[in-house]
Amino acid sequence: MAMQDLLARADRIFMKNVGRLDLVFVKGKGARLWDADGKEYIDFLTGVSVTSLGHTHPAVTRVLQEQAEKIVHVSNYFYLEEQIAAAERLADLVGLDRVFWSNSGAEANEAAIKLARKYGAAKGKYGFVSALKSFHGRTLGALSLTGQPKYQDSFRPLPEGFTYAPLNDLAAWERAIGPETCALVVEPVQGEGGVYPATTEFLAGLRELCDRHGLLLIFDEVQTGFGRTGKFFAWQHTGIKPDILTTAKTLGAGIPIGAMLAKEDVAAAFTPGDHSTTIGGGGMAYAAALAVMDVLERENLPQRAWELGEKILATFREWGRNMPVIKEARGLGLMLALDLTVPAKPVMLECLRRGLIVNAVTETALRLLPPLNIAEEDLAAGLAILKDVLSTAGQAG
Ligand SMILES: Cc1ncc(COP(=O)(O)O)c(C=O)c1O
């Protein structure tokens, strides 16, 4: 069916809660996508760091086919073999002891909020400090952690006990801690806020504050996890380890799954009946997660993300010398942003028209999250489009 007809049907059937673009995709392979009218795109967004192995990776497709014929769901009264294997593997990679499986990043954060509150309850602690411009999800608890009034204002009153301080401003976080605070929550690199890495000194300072005040340190690695920033998990860049870590996105390669992990003594706060969900990933998702972790390890993709990221940042800085439209290039690994002197959305739309998918993450910043295993020629082709569009945008601006 032609794209125009599909879009007309979408317009009639969906609630208007998401600001989508007028595109329907029908096929994906590696870093390439095809829309319903047959136009081809290079994907530098990977569904916001979900298809980080590229679309329809054969290792993931194969295990999904096998798992669909074997077993998919038994309820949370029982276990699946793949559920146990994927949890062991993940705990090993993250460096924490125990795992809770959720269906999304927001749900992983909901679980983290409940675990931290249960852990703090004996001392009357229930409050959280998180970062301004952070993003932790759209459910009410995760939304309360999200330090952005534009997402929160229509849904007040929100749950109590959430305060905010600017990223990398340690003194402000110290001031925000009260007697009721149970945990500090941070994304090691702010994603939706515009791709802003937390500094090592800041993260070390948060760890020290937590140790001094008896608080939990929670890292939201929903977007930064699974090699995106050049290490399996972003905390491994600094060695500053959280007590609780949440993740999702790349984990399932597009099959819904998230996870909340914690240290043994923190995890012990949960007792049967405290928290659960009917599916929590499920057989297909655990199989996908095992395949994703296999491919990332086998192909050493975190290291590749690091090397490509450094190369791309150097390229952007080189462009910046002749293109005044580029204000700043920043990021970690293959989690990158280009801040512009002109609005980012028209640049994003022109890239799309030319067959390149990028994302206007703020008013002035383009975000790039290409596949970690992107072929050199796809990367070069995408960057060529971006450079061309930016030079025109620079002239218009
Ligand atoms: C850091 C972070 N946390 C949480 C979420 C929410 O994850 P989900 O959309 O899977 O609920 C996101 C989504 O973008 C995110 O970037």
# chains A, B, ... in the order shown; residues from 1 in each chain; ligands from 1
>>> residues_near_ligand(ligand="ligand 1", cutoff="10 Å", atoms="only C-alpha atoms and all ligand atoms", output="mmCIF file with N, CA, C and O atoms, in the first residue's frame")
data_model
loop_
_atom_site.group_PDB
_atom_site.id
_atom_site.type_symbol
_atom_site.label_atom_id
_atom_site.label_comp_id
_atom_site.auth_asym_id
_atom_site.auth_seq_id
_atom_site.Cartn_x
_atom_site.Cartn_y
_atom_site.Cartn_z
ATOM 1 N N GLY A 47 16.424 3.525 15.878
ATOM 2 C CA GLY A 47 15.258 3.470 16.769
ATOM 3 C C GLY A 47 15.601 3.972 18.157
ATOM 4 O O GLY A 47 15.123 3.428 19.157
ATOM 5 N N VAL A 48 16.444 5.009 18.234
ATOM 6 C CA VAL A 48 16.979 5.570 19.480
ATOM 7 C C VAL A 48 17.757 4.489 20.257
ATOM 8 O O VAL A 48 17.373 4.085 21.362
ATOM 9 N N SER A 49 18.816 4.037 19.625
ATOM 10 C CA SER A 49 19.747 3.085 20.251
ATOM 11 C C SER A 49 19.085 1.761 20.628
ATOM 12 O O SER A 49 19.375 1.205 21.690
ATOM 13 N N VAL A 50 18.207 1.278 19.763
ATOM 14 C CA VAL A 50 17.595 -0.034 19.983
ATOM 15 C C VAL A 50 18.179 -1.053 18.991
ATOM 16 O O VAL A 50 18.684 -2.105 19.392
ATOM 17 N N SER A 102 12.162 -6.395 33.169
ATOM 18 C CA SER A 102 10.969 -5.596 32.882
ATOM 19 C C SER A 102 10.716 -5.639 31.370
ATOM 20 O O SER A 102 11.403 -6.362 30.650
ATOM 21 N N ASN A 103 9.742 -4.857 30.931
ATOM 22 C CA ASN A 103 9.430 -4.822 29.491
ATOM 23 C C ASN A 103 9.953 -3.572 28.796
ATOM 24 O O ASN A 103 9.811 -3.448 27.586
ATOM 25 N N SER A 104 10.482 -2.617 29.550
ATOM 26 C CA SER A 104 10.899 -1.340 28.950
ATOM 27 C C SER A 104 11.850 -0.624 29.902
ATOM 28 O O SER A 104 12.010 -1.039 31.064
ATOM 29 N N GLY A 105 12.408 0.483 29.413
ATOM 30 C CA GLY A 105 13.292 1.284 30.245
ATOM 31 C C GLY A 105 12.536 1.949 31.385
ATOM 32 O O GLY A 105 13.007 1.982 32.535
ATOM 33 N N ALA A 106 11.370 2.502 31.074
ATOM 34 C CA ALA A 106 10.577 3.165 32.118
ATOM 35 C C ALA A 106 10.232 2.180 33.231
ATOM 36 O O ALA A 106 10.335 2.512 34.424
ATOM 37 N N GLU A 107 9.855 0.973 32.857
ATOM 38 C CA GLU A 107 9.505 -0.027 33.873
ATOM 39 C C GLU A 107 10.722 -0.458 34.691
ATOM 40 O O GLU A 107 10.592 -0.794 35.871
ATOM 41 N N ALA A 108 11.891 -0.481 34.055
ATOM 42 C CA ALA A 108 13.109 -0.791 34.814
ATOM 43 C C ALA A 108 13.326 0.296 35.865
ATOM 44 O O ALA A 108 13.686 0.011 37.017
ATOM 45 N N ASN A 109 13.083 1.555 35.475
ATOM 46 C CA ASN A 109 13.247 2.660 36.432
ATOM 47 C C ASN A 109 12.180 2.621 37.530
ATOM 48 O O ASN A 109 12.465 2.955 38.682
ATOM 49 N N GLU A 110 10.951 2.245 37.170
ATOM 50 C CA GLU A 110 9.909 2.087 38.209
ATOM 51 C C GLU A 110 10.374 1.062 39.255
ATOM 52 O O GLU A 110 10.201 1.267 40.467
ATOM 53 N N SER A 134 17.223 15.591 32.582
ATOM 54 C CA SER A 134 17.337 14.132 32.470
ATOM 55 C C SER A 134 16.104 13.570 31.781
ATOM 56 O O SER A 134 15.097 14.265 31.601
ATOM 57 N N PHE A 135 16.189 12.305 31.404
ATOM 58 C CA PHE A 135 15.020 11.587 30.884
ATOM 59 C C PHE A 135 15.068 10.162 31.403
ATOM 60 O O PHE A 135 16.050 9.454 31.200
ATOM 61 N N HIS A 136 13.974 9.745 32.071
ATOM 62 C CA HIS A 136 13.955 8.403 32.648
ATOM 63 C C HIS A 136 12.704 7.621 32.264
ATOM 64 O O HIS A 136 12.513 6.510 32.764
ATOM 65 N N GLY A 137 11.827 8.206 31.405
ATOM 66 C CA GLY A 137 10.651 7.470 30.956
ATOM 67 C C GLY A 137 9.363 8.217 31.257
ATOM 68 O O GLY A 137 9.361 9.257 31.907
ATOM 69 N N ARG A 138 8.250 7.646 30.767
ATOM 70 C CA ARG A 138 6.958 8.369 30.767
ATOM 71 C C ARG A 138 5.950 7.870 31.788
ATOM 72 O O ARG A 138 4.892 8.466 31.924
ATOM 73 N N THR A 139 6.218 6.752 32.450
ATOM 74 C CA THR A 139 5.296 6.307 33.497
ATOM 75 C C THR A 139 5.454 7.254 34.690
ATOM 76 O O THR A 139 6.467 7.954 34.793
ATOM 77 N N ALA A 142 8.821 7.169 36.735
ATOM 78 C CA ALA A 142 9.951 7.538 35.867
ATOM 79 C C ALA A 142 9.836 9.001 35.429
ATOM 80 O O ALA A 142 10.835 9.714 35.331
ATOM 81 N N LEU A 143 8.607 9.449 35.204
ATOM 82 C CA LEU A 143 8.369 10.847 34.825
ATOM 83 C C LEU A 143 8.738 11.786 35.978
ATOM 84 O O LEU A 143 9.224 12.903 35.750
ATOM 85 N N LEU A 145 11.140 11.259 38.052
ATOM 86 C CA LEU A 145 12.611 11.346 38.043
ATOM 87 C C LEU A 145 13.106 12.273 36.938
ATOM 88 O O LEU A 145 14.209 12.801 37.010
ATOM 89 N N THR A 146 12.295 12.392 35.871
ATOM 90 C CA THR A 146 12.695 13.137 34.680
ATOM 91 C C THR A 146 12.676 14.637 34.957
ATOM 92 O O THR A 146 11.607 15.221 35.115
ATOM 93 N N VAL A 186 21.233 9.120 37.992
ATOM 94 C CA VAL A 186 21.825 9.886 36.894
ATOM 95 C C VAL A 186 22.031 9.014 35.659
ATOM 96 O O VAL A 186 22.265 7.803 35.778
ATOM 97 N N GLU A 187 21.905 9.629 34.478
ATOM 98 C CA GLU A 187 22.332 8.982 33.225
ATOM 99 C C GLU A 187 23.821 9.326 33.056
ATOM 100 O O GLU A 187 24.161 10.514 33.054
ATOM 101 N N PRO A 188 24.704 8.354 32.869
ATOM 102 C CA PRO A 188 26.127 8.680 32.680
ATOM 103 C C PRO A 188 26.364 9.595 31.472
ATOM 104 O O PRO A 188 27.299 10.396 31.490
ATOM 105 N N VAL A 189 25.532 9.466 30.454
ATOM 106 C CA VAL A 189 25.477 10.479 29.392
ATOM 107 C C VAL A 189 23.998 10.810 29.210
ATOM 108 O O VAL A 189 23.206 9.922 28.884
ATOM 109 N N GLN A 190 23.623 12.077 29.427
ATOM 110 C CA GLN A 190 22.214 12.443 29.218
ATOM 111 C C GLN A 190 21.887 12.291 27.737
ATOM 112 O O GLN A 190 22.560 12.876 26.884
ATOM 113 N N GLY A 191 20.864 11.487 27.450
ATOM 114 C CA GLY A 191 20.503 11.228 26.058
ATOM 115 C C GLY A 191 19.498 12.220 25.527
ATOM 116 O O GLY A 191 19.826 13.129 24.749
ATOM 117 N N GLU A 192 18.252 12.095 26.005
ATOM 118 C CA GLU A 192 17.175 12.957 25.486
ATOM 119 C C GLU A 192 17.431 14.426 25.822
ATOM 120 O O GLU A 192 16.931 15.317 25.134
ATOM 121 N N GLY A 193 18.188 14.677 26.864
ATOM 122 C CA GLY A 193 18.506 16.064 27.244
ATOM 123 C C GLY A 193 19.435 16.747 26.264
ATOM 124 O O GLY A 193 19.659 17.956 26.355
ATOM 125 N N PHE A 219 22.394 4.342 38.335
ATOM 126 C CA PHE A 219 22.711 4.787 36.979
ATOM 127 C C PHE A 219 21.625 4.284 36.040
ATOM 128 O O PHE A 219 21.337 3.084 35.997
ATOM 129 N N ASP A 220 21.053 5.206 35.273
ATOM 130 C CA ASP A 220 20.120 4.847 34.209
ATOM 131 C C ASP A 220 20.943 4.666 32.938
ATOM 132 O O ASP A 220 21.370 5.637 32.317
ATOM 133 N N GLU A 221 21.165 3.400 32.580
ATOM 134 C CA GLU A 221 21.933 3.087 31.363
ATOM 135 C C GLU A 221 21.006 2.519 30.282
ATOM 136 O O GLU A 221 21.384 1.651 29.500
ATOM 137 N N VAL A 222 19.772 3.024 30.271
ATOM 138 C CA VAL A 222 18.809 2.571 29.263
ATOM 139 C C VAL A 222 19.317 2.914 27.852
ATOM 140 O O VAL A 222 19.235 2.100 26.943
ATOM 141 N N GLN A 223 19.879 4.109 27.718
ATOM 142 C CA GLN A 223 20.359 4.529 26.389
ATOM 143 C C GLN A 223 21.861 4.271 26.223
ATOM 144 O O GLN A 223 22.333 4.042 25.120
ATOM 145 N N THR A 224 22.617 4.325 27.312
ATOM 146 C CA THR A 224 24.083 4.230 27.214
ATOM 147 C C THR A 224 24.587 2.791 27.258
ATOM 148 O O THR A 224 25.785 2.565 27.034
ATOM 149 N N GLY A 225 23.707 1.834 27.546
ATOM 150 C CA GLY A 225 24.145 0.456 27.730
ATOM 151 C C GLY A 225 24.518 -0.254 26.444
ATOM 152 O O GLY A 225 24.277 0.234 25.337
ATOM 153 N N THR A 246 19.868 0.477 35.650
ATOM 154 C CA THR A 246 18.745 0.089 34.797
ATOM 155 C C THR A 246 19.190 0.137 33.344
ATOM 156 O O THR A 246 20.042 0.948 32.962
ATOM 157 N N THR A 247 18.596 -0.745 32.518
ATOM 158 C CA THR A 247 18.936 -0.749 31.103
ATOM 159 C C THR A 247 17.768 -1.309 30.289
ATOM 160 O O THR A 247 16.806 -1.842 30.850
ATOM 161 N N ALA A 248 17.836 -1.149 28.961
ATOM 162 C CA ALA A 248 16.762 -1.641 28.075
ATOM 163 C C ALA A 248 17.251 -1.480 26.628
ATOM 164 O O ALA A 248 18.363 -1.875 26.307
ATOM 165 N N LYS A 249 16.412 -0.894 25.776
ATOM 166 C CA LYS A 249 16.743 -0.535 24.386
ATOM 167 C C LYS A 249 17.504 -1.626 23.618
ATOM 168 O O LYS A 249 16.899 -2.603 23.215
ATOM 169 N N THR A 250 18.852 -1.468 23.452
ATOM 170 C CA THR A 250 19.636 -2.410 22.639
ATOM 171 C C THR A 250 19.496 -3.857 23.108
ATOM 172 O O THR A 250 19.592 -4.788 22.302
ATOM 173 N N PRO A 256 10.593 -6.044 23.116
ATOM 174 C CA PRO A 256 10.531 -5.284 24.370
ATOM 175 C C PRO A 256 11.122 -6.032 25.562
ATOM 176 O O PRO A 256 10.699 -7.140 25.881
ATOM 177 N N ILE A 257 12.120 -5.413 26.193
ATOM 178 C CA ILE A 257 12.706 -5.950 27.428
ATOM 179 C C ILE A 257 13.534 -4.857 28.095
ATOM 180 O O ILE A 257 14.126 -4.012 27.406
ATOM 181 N N GLY A 258 13.536 -4.859 29.418
ATOM 182 C CA GLY A 258 14.400 -3.972 30.186
ATOM 183 C C GLY A 258 14.887 -4.742 31.396
ATOM 184 O O GLY A 258 14.433 -5.872 31.661
#
>>> select_by_dssp(residues="stretch 52-218 of chain A", states="strand (DSSP E or B)", output="number ranges by chain")
A: 55, 98-102, 127-132, 147, 162-165, 181-186, 189-190, 196-197, 216-218
>>> select_by_dssp(residues="stretch 86-281 of chain A", states="alpha helix (DSSP H)", output="ChimeraX atom specification")
/A:86-94,105-121,140-145,149-152,170-176,200-213,264-267
>>> closest_residue(among="A:Phe162, A:Lys123, A:Asp35, A:Glu299", to="A:Leu140", atoms="only C-alpha atoms")
A:Phe162
>>> closest_residue(among="A:Gly320, A:Gly38, A:Gly280, A:Gly214", to="A:Leu23", atoms="only C-alpha atoms")
A:Gly38
>>> residues_around(residues="A:Leu209", least_positions_apart="6", cutoff="10 Å", atoms="only C-alpha atoms", output="PyMOL selection string")
chain A and resi 170+173-174+177+184+203+215-217
>>> write_last_selection(atoms="N, CA, C and O atoms", output="mmCIF file, in the first residue's frame")
data_model
loop_
_atom_site.group_PDB
_atom_site.id
_atom_site.type_symbol
_atom_site.label_atom_id
_atom_site.label_comp_id
_atom_site.auth_asym_id
_atom_site.auth_seq_id
_atom_site.Cartn_x
_atom_site.Cartn_y
_atom_site.Cartn_z
ATOM 1 N N LEU A 170 28.117 19.369 41.353
ATOM 2 C CA LEU A 170 28.110 18.536 42.554
ATOM 3 C C LEU A 170 27.568 19.279 43.782
ATOM 4 O O LEU A 170 26.800 18.721 44.571
ATOM 5 N N TRP A 173 23.878 19.214 43.916
ATOM 6 C CA TRP A 173 23.350 17.903 44.323
ATOM 7 C C TRP A 173 23.474 17.751 45.838
ATOM 8 O O TRP A 173 22.562 17.245 46.479
ATOM 9 N N GLU A 174 24.592 18.193 46.382
ATOM 10 C CA GLU A 174 24.784 18.074 47.835
ATOM 11 C C GLU A 174 23.706 18.887 48.557
ATOM 12 O O GLU A 174 23.118 18.427 49.535
ATOM 13 N N ILE A 177 20.221 17.172 48.682
ATOM 14 C CA ILE A 177 20.034 15.990 49.547
ATOM 15 C C ILE A 177 19.399 16.420 50.871
ATOM 16 O O ILE A 177 19.846 17.380 51.497
ATOM 17 N N LEU A 184 20.400 8.844 44.643
ATOM 18 C CA LEU A 184 20.746 9.797 43.594
ATOM 19 C C LEU A 184 20.705 9.037 42.264
ATOM 20 O O LEU A 184 21.232 7.923 42.182
ATOM 21 N N LEU A 203 30.723 12.192 38.812
ATOM 22 C CA LEU A 203 30.256 10.849 39.184
ATOM 23 C C LEU A 203 30.984 10.367 40.438
ATOM 24 O O LEU A 203 30.363 9.765 41.333
ATOM 25 N N LEU A 215 23.306 6.695 50.984
ATOM 26 C CA LEU A 215 22.311 6.729 49.887
ATOM 27 C C LEU A 215 22.702 5.722 48.810
ATOM 28 O O LEU A 215 23.858 5.314 48.717
ATOM 29 N N LEU A 216 21.742 5.384 47.977
ATOM 30 C CA LEU A 216 22.025 4.505 46.840
ATOM 31 C C LEU A 216 22.351 5.347 45.613
ATOM 32 O O LEU A 216 21.715 6.381 45.370
ATOM 33 N N LEU A 217 23.320 4.875 44.833
ATOM 34 C CA LEU A 217 23.638 5.521 43.560
ATOM 35 C C LEU A 217 23.022 4.669 42.448
ATOM 36 O O LEU A 217 23.302 3.468 42.350
#
>>> atom_distance(atom1="atom CA of A:Ala384", atom2="atom CA of A:Tyr41")
13.2 Å
>>> closest_residue(among="A:Tyr119, A:Phe14, A:Trp101, A:Tyr196", to="A:Ala267", atoms="only C-alpha atoms")
A:Tyr119
>>> residues_around(residues="stretch 339-353 of chain A", least_positions_apart="2", cutoff="8 Å", atoms="only C-alpha atoms", output="compact mmCIF listing (two decimals) with N, CA, C and O atoms, in the first residue's frame")
# COMPACT_ATOMS: atom_id res chain seq x y z
N TYR A 41 16.91 4.54 2.98
CA TYR A 41 17.51 5.47 3.96
C TYR A 41 18.70 4.81 4.64
O TYR A 41 18.73 3.59 4.81
N PRO A 324 30.70 27.45 9.98
CA PRO A 324 30.29 28.16 11.20
C PRO A 324 28.95 27.68 11.76
O PRO A 324 28.63 27.96 12.92
N VAL A 325 28.17 26.93 10.93
CA VAL A 325 26.88 26.43 11.41
C VAL A 325 27.07 25.41 12.56
O VAL A 325 26.17 25.20 13.36
N ILE A 326 28.26 24.81 12.64
CA ILE A 326 28.54 23.85 13.71
C ILE A 326 29.08 24.60 14.94
O ILE A 326 30.14 25.21 14.88
N LYS A 327 28.30 24.54 16.03
CA LYS A 327 28.70 25.23 17.25
C LYS A 327 29.56 24.31 18.12
O LYS A 327 30.55 24.72 18.69
N GLU A 328 29.14 23.04 18.21
CA GLU A 328 29.86 22.10 19.07
C GLU A 328 29.57 20.67 18.63
O GLU A 328 28.45 20.35 18.23
N ALA A 329 30.59 19.83 18.70
CA ALA A 329 30.39 18.38 18.52
C ALA A 329 30.73 17.73 19.85
O ALA A 329 31.74 18.05 20.46
N ALA A 337 26.34 14.14 19.33
CA ALA A 337 25.46 15.27 18.99
C ALA A 337 26.27 16.37 18.32
O ALA A 337 27.46 16.55 18.60
N GLY A 355 17.60 11.03 2.42
CA GLY A 355 17.79 9.61 2.71
C GLY A 355 18.70 9.30 3.89
O GLY A 355 19.30 8.23 3.94
N LEU A 356 18.76 10.22 4.86
CA LEU A 356 19.55 9.97 6.07
C LEU A 356 18.69 10.24 7.30
O LEU A 356 18.10 11.32 7.43
N ILE A 357 18.64 9.26 8.20
CA ILE A 357 17.84 9.42 9.42
C ILE A 357 18.73 9.87 10.57
O ILE A 357 19.62 9.14 11.00
N VAL A 358 18.49 11.10 11.04
CA VAL A 358 19.12 11.61 12.27
C VAL A 358 17.98 12.21 13.10
O VAL A 358 16.83 12.19 12.68
N ASN A 359 18.30 12.73 14.27
CA ASN A 359 17.23 13.17 15.17
C ASN A 359 17.57 14.54 15.75
O ASN A 359 18.69 14.77 16.19
N ALA A 360 16.57 15.45 15.69
CA ALA A 360 16.75 16.76 16.33
C ALA A 360 16.41 16.59 17.80
O ALA A 360 15.25 16.64 18.19
N THR A 362 17.37 18.40 20.52
CA THR A 362 16.96 19.65 21.16
C THR A 362 16.66 20.65 20.03
O THR A 362 16.80 20.31 18.85
N GLU A 363 16.34 21.87 20.40
CA GLU A 363 16.04 22.91 19.39
C GLU A 363 17.20 23.07 18.40
O GLU A 363 16.98 23.32 17.22
N THR A 364 18.44 22.92 18.90
CA THR A 364 19.60 23.21 18.05
C THR A 364 20.56 22.03 17.87
O THR A 364 21.57 22.19 17.19
N ALA A 365 20.25 20.88 18.48
CA ALA A 365 21.21 19.76 18.40
C ALA A 365 20.67 18.58 17.61
O ALA A 365 19.53 18.14 17.82
N LEU A 366 21.51 18.07 16.71
CA LEU A 366 21.22 16.82 16.01
C LEU A 366 21.87 15.70 16.79
O LEU A 366 23.01 15.81 17.20
N ILE A 385 26.06 12.89 3.20
CA ILE A 385 24.75 13.58 3.13
C ILE A 385 24.71 14.68 4.20
O ILE A 385 24.34 15.83 3.93
N LEU A 386 25.10 14.30 5.41
CA LEU A 386 25.04 15.25 6.53
C LEU A 386 25.90 16.49 6.23
O LEU A 386 25.45 17.63 6.45
N VAL A 389 24.16 18.68 3.64
CA VAL A 389 22.98 19.38 4.19
C VAL A 389 23.45 20.51 5.10
O VAL A 389 22.91 21.62 5.07
N LEU A 390 24.48 20.25 5.92
CA LEU A 390 24.97 21.28 6.85
C LEU A 390 25.57 22.46 6.09
O LEU A 390 25.41 23.61 6.50
N ALA A 393 22.67 24.44 5.01
CA ALA A 393 22.02 25.07 6.18
C ALA A 393 22.86 26.26 6.63
O ALA A 393 22.30 27.29 7.01
N GLY A 394 24.17 26.10 6.57
CA GLY A 394 25.07 27.19 6.95
C GLY A 394 24.86 28.41 6.06
O GLY A 394 24.79 29.54 6.56
N GLY A 397 21.55 29.96 6.94
CA GLY A 397 21.60 30.61 8.24
C GLY A 397 22.48 31.86 8.15
O GLY A 397 22.51 32.65 9.03
